[in-house]
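Engineer: The structure that follows is given in the form of structure tokens.
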Amino acid sequence: MKRLALVFALTGLIGPASAGAPAECLIAQHQNEYIFPLRMTARAIAAKRLDILVIGAGSSALPGPNGTRNAYPARLQNALAEMLPAVTVKVSTDVSPHRTALEMVHVLPAALSAAKPTLVIWQTGTVDALQGVDADQFSQALDQGINLAHNAGADVVLVNAQYSPRTESMIALGTYAENMRWVALQHEIPLFNRFGIMRLWSDLGTFDFTTATKKLDMAVRVHECIGWLLAELIVQAAKQEAPRAAGER
Amino acid sequence: MAPVPTERDLRLDLFRGIALWLIFLDHIPSNAVSWITIRNYGFSDATEIFVFISGYTAAFVYGRAMREHGFLVGTARVLRRAWQIYVAHVFLFAIYLAEIAYVAHSFENPLYTEEMGVRDFIKDPDVTIIQALLLKFKPVNMDVLPLYIVLLAGFPPMLWLLMRMPSFALALSAALYGLAWYLGWNFPAYPTGSWVFNPLAWQLLFVFGAWCALGGSLRLARWIGARLTRMLAVAYLIFAFCITLTWYFPHLAVYVPHVVSNVIYPIDKTNLDVLRLLHFFSLAVLTVGLVPYGSPALKSPLFWPAIVCGQHSLETFCLGVFLSFAGHFVFTEVSNRLLTHVLVSLAGIVIMVAAAALVSWYKRIERRGAGPRPPATMPGLAGGDAS
């Protein structure tokens, strides 16, 4: 499996390179596979203004005084600004820990009307898995949230859970990641496979997710990469819809 | 009253043994070797095999007890087995608690503040342990034994009915399956949600296994042997394989027509989706054709390791769950190389076989030491363990 992963990783390197992205991020580039078009985002990029809302739970944030600056939503804004220099990119966040998908659906209307985003990045799955939320209820919550965002005129990208080897035998993340894939397929929206990307990094030894540490170094690098890869997915998915409008990298 | 066959079918032990190995391999998270298990090539997995064979053997063993010694004795023996499985489940839960406590103490990483929520389970042991004893709180991968306990606890009246009106009993079971699916019935879980394996749905496969053991398989033989049935089974297995392929190679998903994906997804393991059931039936039809009853190959030493595991399935299952915890521990604490995955998987299976052989040996010497007691009181003499 690992050899296969390495071959994939190498083919990933030949793909479109993100200038400025750390090399360790790029080996997971090929994991961005579910590319469905982001129509509203393509239009927004053409109009040179892209407003993004990241809604998520604890794994969308980092602790510490520089947490907000180092977490992937801010890194996403940074990466997009580099990839789309002519576009004004604004990423706002609605992130707070211990929230299930359904709890986020409840706050989504208010967040949508406050941020008026063109694109909603929805990170979820971990807390539902921790609490053992019913799989059907989880999928229904995803449906509701996606429909709310679409009705508000925004595209949606789903972000699944982090890969966490130490707790893997205690939290059934796989089932929830699977449900997110089905829901994304049904709505024809992109899924950012954070779980798969981090597992690949773990298999290749890019990052060691098993070490116990209080230091933030690795967490910051991981979020930097997530930000870059997410930006890559957004730009590619928007390109699919309107090649000319989004070809400004 | 339906006839109860007298000679134990070694195929049951063989395939239950293999199912136990597959469950062990699948239960080690991110185990590279689990790519060989059947869940990656179709809809159903080892759980279906395990539940079906357990139903078959339960009817085989306790059906005979009920016929020879009456409803009360048969029921008492089924319930004693359910109790043994409950005790085994609680034992596994203790191991799980030890593991979680270890991780809670030794793992700190700012990347995983959310995931550390697993610690909450041991913050309130008064609640967690009681919920676990009530079978409402079930850690990851510890859902099979609670299902089995409930299936056995509810089995005596069903067995009684199966021995008198087998087809009516099976229809009743199918009706419960349908009702549970239609009305969304399931057992509640802690802290939220419901059981991962809905007993009201999975009972159908257990009862179907029992029905087959009590003469149903003879009635089905003409259908199973038919050319058309086998062709349909092959076609369905190919279809399931192609669909499964799109899960691992997502860019292939675009070739699945919308009409098909709308009908089949989500494939519901909790409620034993009809697609999973059909996949298991297809596998069973082909297997029965390939390995006929009483085939001399079953006596070959090649199959002995799986057969001995299948004959002592409760012990082997529990050991498998424990070994999957231990295997995952090795992956995260020692080495996560591919070679480690292969070695840990092989070592696990060897340990399971050795332990099953040891249990077998214990039972033999106990039986020898039991003197002239009537054989019917010895569970081992009724054709091996029921579970």
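Just so we're on the same page: first chain in the structure tokens is A, next is B, and so on; residues restart at 1 for each chain, and ligands are numbered from 1 in the order they show up.
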According to DSSP computed on the backbone, where in stretch 61-101 of chain A is there strand (DSSP E or B)? Give the residues as a VMD selection string.
Structural biologist: chain A and resid 88 to 95
Engineer: Given a cut-off of 8 Å, which residues of chain A touch chain B, counting only C-alpha atoms, written out as a ChimeraX atom specification?
Structural biologist: /A:1-2,33-34,57-59,62-63,97-98,126-127,130-134,164-172,179,182,186,203,210-216,218-219
Engineer: Those selected residues, please, written with N, CA, C and O atoms and delivered as a compact mmCIF listing (two decimals), in the first residue's frame.
Structural biologist:
```
# COMPACT_ATOMS: atom_id res chain seq x y z
N MET A 1 0.84 -1.19 0.00
CA MET A 1 0.00 0.00 0.00
C MET A 1 0.88 1.25 0.00
O MET A 1 0.61 2.22 -0.68
N LYS A 2 1.98 1.14 0.78
CA LYS A 2 2.82 2.33 0.89
C LYS A 2 3.55 2.62 -0.41
O LYS A 2 3.73 3.76 -0.79
N GLU A 33 -9.00 14.92 -5.24
CA GLU A 33 -9.54 14.23 -6.41
C GLU A 33 -10.97 14.61 -6.75
O GLU A 33 -11.35 14.58 -7.90
N TYR A 34 -11.72 14.92 -5.73
CA TYR A 34 -13.14 15.15 -6.00
C TYR A 34 -13.32 16.56 -6.52
O TYR A 34 -13.68 17.45 -5.77
N ALA A 57 -15.09 23.10 13.75
CA ALA A 57 -14.96 22.83 15.18
C ALA A 57 -13.48 22.92 15.58
O ALA A 57 -12.70 23.60 14.91
N GLY A 58 -13.10 22.21 16.61
CA GLY A 58 -11.77 22.36 17.20
C GLY A 58 -10.61 22.16 16.25
O GLY A 58 -9.57 22.82 16.40
N SER A 59 -10.76 21.28 15.26
CA SER A 59 -9.61 21.00 14.40
C SER A 59 -9.44 22.04 13.30
O SER A 59 -8.58 21.90 12.44
N LEU A 62 -5.99 26.47 16.11
CA LEU A 62 -4.79 26.06 16.84
C LEU A 62 -4.72 26.85 18.14
O LEU A 62 -5.15 28.01 18.18
N PRO A 63 -4.19 26.24 19.20
CA PRO A 63 -4.09 26.98 20.47
C PRO A 63 -2.92 27.98 20.43
O PRO A 63 -2.14 27.98 19.48
N PRO A 97 -14.91 24.89 19.34
CA PRO A 97 -14.71 23.45 19.54
C PRO A 97 -15.99 22.71 19.96
O PRO A 97 -16.99 23.33 20.32
N HIS A 98 -15.91 21.39 19.89
CA HIS A 98 -16.96 20.47 20.39
C HIS A 98 -18.31 20.63 19.71
O HIS A 98 -19.34 20.42 20.33
N THR A 126 -15.44 15.08 13.25
CA THR A 126 -14.72 14.57 14.42
C THR A 126 -15.63 14.46 15.65
O THR A 126 -15.69 13.43 16.32
N VAL A 127 -16.35 15.56 15.94
CA VAL A 127 -17.16 15.58 17.15
C VAL A 127 -18.33 14.59 17.04
O VAL A 127 -18.68 13.91 18.01
N LEU A 130 -16.87 11.30 17.81
CA LEU A 130 -16.60 11.20 19.26
C LEU A 130 -17.87 10.90 20.03
O LEU A 130 -17.86 10.11 20.98
N GLN A 131 -18.95 11.56 19.63
CA GLN A 131 -20.21 11.39 20.37
C GLN A 131 -21.04 10.23 19.84
O GLN A 131 -22.10 9.94 20.38
N GLY A 132 -20.57 9.61 18.77
CA GLY A 132 -21.32 8.49 18.21
C GLY A 132 -22.68 8.89 17.68
O GLY A 132 -23.65 8.15 17.79
N VAL A 133 -22.74 10.08 17.08
CA VAL A 133 -24.02 10.55 16.51
C VAL A 133 -24.47 9.56 15.44
O VAL A 133 -23.66 9.03 14.69
N ASP A 134 -25.77 9.31 15.40
CA ASP A 134 -26.35 8.39 14.42
C ASP A 134 -25.93 8.79 13.00
O ASP A 134 -26.01 9.95 12.63
N SER A 164 -5.91 10.74 12.97
CA SER A 164 -5.30 10.76 14.30
C SER A 164 -4.96 9.33 14.71
O SER A 164 -5.79 8.64 15.31
N PRO A 165 -3.74 8.86 14.36
CA PRO A 165 -3.44 7.43 14.59
C PRO A 165 -3.57 6.98 16.04
O PRO A 165 -4.03 5.87 16.29
N ARG A 166 -3.22 7.86 16.99
CA ARG A 166 -3.24 7.41 18.38
C ARG A 166 -4.65 7.09 18.88
O ARG A 166 -4.84 6.27 19.76
N THR A 167 -5.62 7.80 18.35
CA THR A 167 -6.99 7.59 18.85
C THR A 167 -7.82 6.77 17.88
O THR A 167 -9.03 6.64 18.03
N GLU A 168 -7.15 6.20 16.87
CA GLU A 168 -7.87 5.54 15.79
C GLU A 168 -8.71 4.35 16.26
O GLU A 168 -9.74 4.05 15.69
N SER A 169 -8.23 3.68 17.31
CA SER A 169 -9.01 2.52 17.77
C SER A 169 -10.11 2.95 18.75
O SER A 169 -10.83 2.12 19.27
N MET A 170 -10.24 4.25 18.98
CA MET A 170 -11.25 4.72 19.94
C MET A 170 -12.31 5.60 19.30
O MET A 170 -13.39 5.77 19.84
N ILE A 171 -11.98 6.22 18.16
CA ILE A 171 -12.96 7.09 17.49
C ILE A 171 -13.17 6.54 16.09
O ILE A 171 -12.22 6.40 15.32
N ALA A 172 -14.43 6.25 15.75
CA ALA A 172 -14.73 5.65 14.44
C ALA A 172 -14.85 6.73 13.37
O ALA A 172 -15.92 6.97 12.83
N ASN A 179 -19.49 8.80 5.06
CA ASN A 179 -20.77 9.48 4.86
C ASN A 179 -20.56 10.83 4.19
O ASN A 179 -21.35 11.23 3.34
N TRP A 182 -20.16 10.33 0.50
CA TRP A 182 -21.42 10.07 -0.21
C TRP A 182 -22.24 11.34 -0.37
O TRP A 182 -22.78 11.61 -1.44
N GLN A 186 -23.35 13.11 -3.83
CA GLN A 186 -24.74 13.34 -4.19
C GLN A 186 -25.03 14.79 -4.52
O GLN A 186 -25.81 15.09 -5.40
N ASP A 203 1.86 7.77 6.49
CA ASP A 203 2.44 6.58 5.86
C ASP A 203 3.81 6.88 5.27
O ASP A 203 4.71 6.04 5.31
N THR A 210 2.26 10.59 15.84
CA THR A 210 2.11 9.80 17.07
C THR A 210 2.90 10.39 18.25
O THR A 210 2.69 9.98 19.38
N THR A 211 3.80 11.32 17.98
CA THR A 211 4.62 11.86 19.05
C THR A 211 3.80 12.70 20.02
O THR A 211 2.95 13.48 19.61
N ALA A 212 4.09 12.53 21.30
CA ALA A 212 3.48 13.40 22.30
C ALA A 212 4.34 14.66 22.44
O ALA A 212 5.55 14.56 22.64
N THR A 213 3.72 15.80 22.30
CA THR A 213 4.49 17.03 22.41
C THR A 213 3.57 18.18 22.81
O THR A 213 2.37 18.13 22.55
N LYS A 214 4.16 19.18 23.44
CA LYS A 214 3.38 20.39 23.71
C LYS A 214 3.71 21.47 22.69
O LYS A 214 3.07 22.51 22.65
N LYS A 215 4.76 21.21 21.90
CA LYS A 215 5.21 22.22 20.93
C LYS A 215 4.25 22.31 19.76
O LYS A 215 3.64 21.32 19.35
N LEU A 216 4.21 23.50 19.19
CA LEU A 216 3.26 23.74 18.11
C LEU A 216 3.86 23.53 16.72
O LEU A 216 3.12 23.57 15.73
N MET A 218 4.91 21.20 14.59
CA MET A 218 4.32 20.34 13.58
C MET A 218 2.90 20.78 13.24
O MET A 218 2.51 20.83 12.07
N ALA A 219 2.13 21.11 14.28
CA ALA A 219 0.74 21.52 14.07
C ALA A 219 0.69 22.72 13.11
O ALA A 219 -0.16 22.78 12.22
```
Engineer: I'd like to know which of B:Trp304, B:Tyr148, B:Ala210, B:Pro157 is closest to B:Val61, using only C-alpha atoms.
Structural biologist: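 Closest to B:Val61 of all the choices is B:Ala210.
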Engineer: Which residues in stretch 33-196 of chain B does DSSP call alpha helix (DSSP H)? List them as a count of residues only.
Structural biologist: 112
Engineer: Just to confirm, what's the straight-line distance from atom CA of B:Leu10 to atom CA of B:Ile224 in Å (one decimal)?
Structural biologist: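 Between atom CA of B:Leu10 and atom CA of B:Ile224 the gap works out to 19.2 Å.
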Engineer: Which polymer residues have any atom within 9 Å of an atom of B:Leu133, counting only C-alpha atoms, with same-chain residues fewer than 4 positions away left out, as a ChimeraX atom specification?
Structural biologist: /B:86,90,128-129,137
Engineer: Any chance you could export the current selection's C-alpha atoms as an mmCIF file, in the first residue's frame?
Structural biologist:
```cif
data_model
loop_
_atom_site.group_PDB
_atom_site.id
_atom_site.type_symbol
_atom_site.label_atom_id
_atom_site.label_comp_id
_atom_site.auth_asym_id
_atom_site.auth_seq_id
_atom_site.Cartn_x
_atom_site.Cartn_y
_atom_site.Cartn_z
ATOM 1 C CA TYR B 86 -21.762 -10.804 28.260
ATOM 2 C CA VAL B 90 -17.198 -6.798 29.949
ATOM 3 C CA THR B 128 -19.518 5.298 31.350
ATOM 4 C CA ILE B 129 -19.071 1.995 33.126
ATOM 5 C CA PHE B 137 -21.918 2.498 25.576
#
```
Engineer: With a distance cut-off of 8 Å and only C-alpha atoms, select the neighbouring residues of A:Gln31, excluding the residue or stretch itself and same-chain residues fewer than 4 positions from it, and output the selection as an mmCIF file with all heavy atoms, in the first residue's frame.
Structural biologist:
```
data_model
loop_
_atom_site.group_PDB
_atom_site.id
_atom_site.type_symbol
_atom_site.label_atom_id
_atom_site.label_comp_id
_atom_site.auth_asym_id
_atom_site.auth_seq_id
_atom_site.Cartn_x
_atom_site.Cartn_y
_atom_site.Cartn_z
ATOM 1 N N ASN A 193 -10.270 15.983 1.263
ATOM 2 C CA ASN A 193 -10.041 14.748 2.021
ATOM 3 C C ASN A 193 -8.855 14.917 2.987
ATOM 4 O O ASN A 193 -7.787 14.345 2.795
ATOM 5 C CB ASN A 193 -9.792 13.602 1.036
ATOM 6 C CG ASN A 193 -9.713 12.257 1.722
ATOM 7 O OD1 ASN A 193 -10.008 12.136 2.912
ATOM 8 N ND2 ASN A 193 -9.307 11.242 0.986
ATOM 9 N N GLY A 196 -7.541 11.578 4.375
ATOM 10 C CA GLY A 196 -6.680 10.822 3.461
ATOM 11 C C GLY A 196 -5.314 11.470 3.309
ATOM 12 O O GLY A 196 -4.284 10.782 3.269
ATOM 13 N N ILE A 197 -5.304 12.799 3.211
ATOM 14 C CA ILE A 197 -4.050 13.532 3.042
ATOM 15 C C ILE A 197 -3.138 13.300 4.250
ATOM 16 O O ILE A 197 -1.956 12.981 4.119
ATOM 17 C CB ILE A 197 -4.335 15.039 2.861
ATOM 18 C CG1 ILE A 197 -4.951 15.279 1.480
ATOM 19 C CG2 ILE A 197 -3.075 15.867 3.054
ATOM 20 C CD1 ILE A 197 -5.500 16.671 1.286
#
```
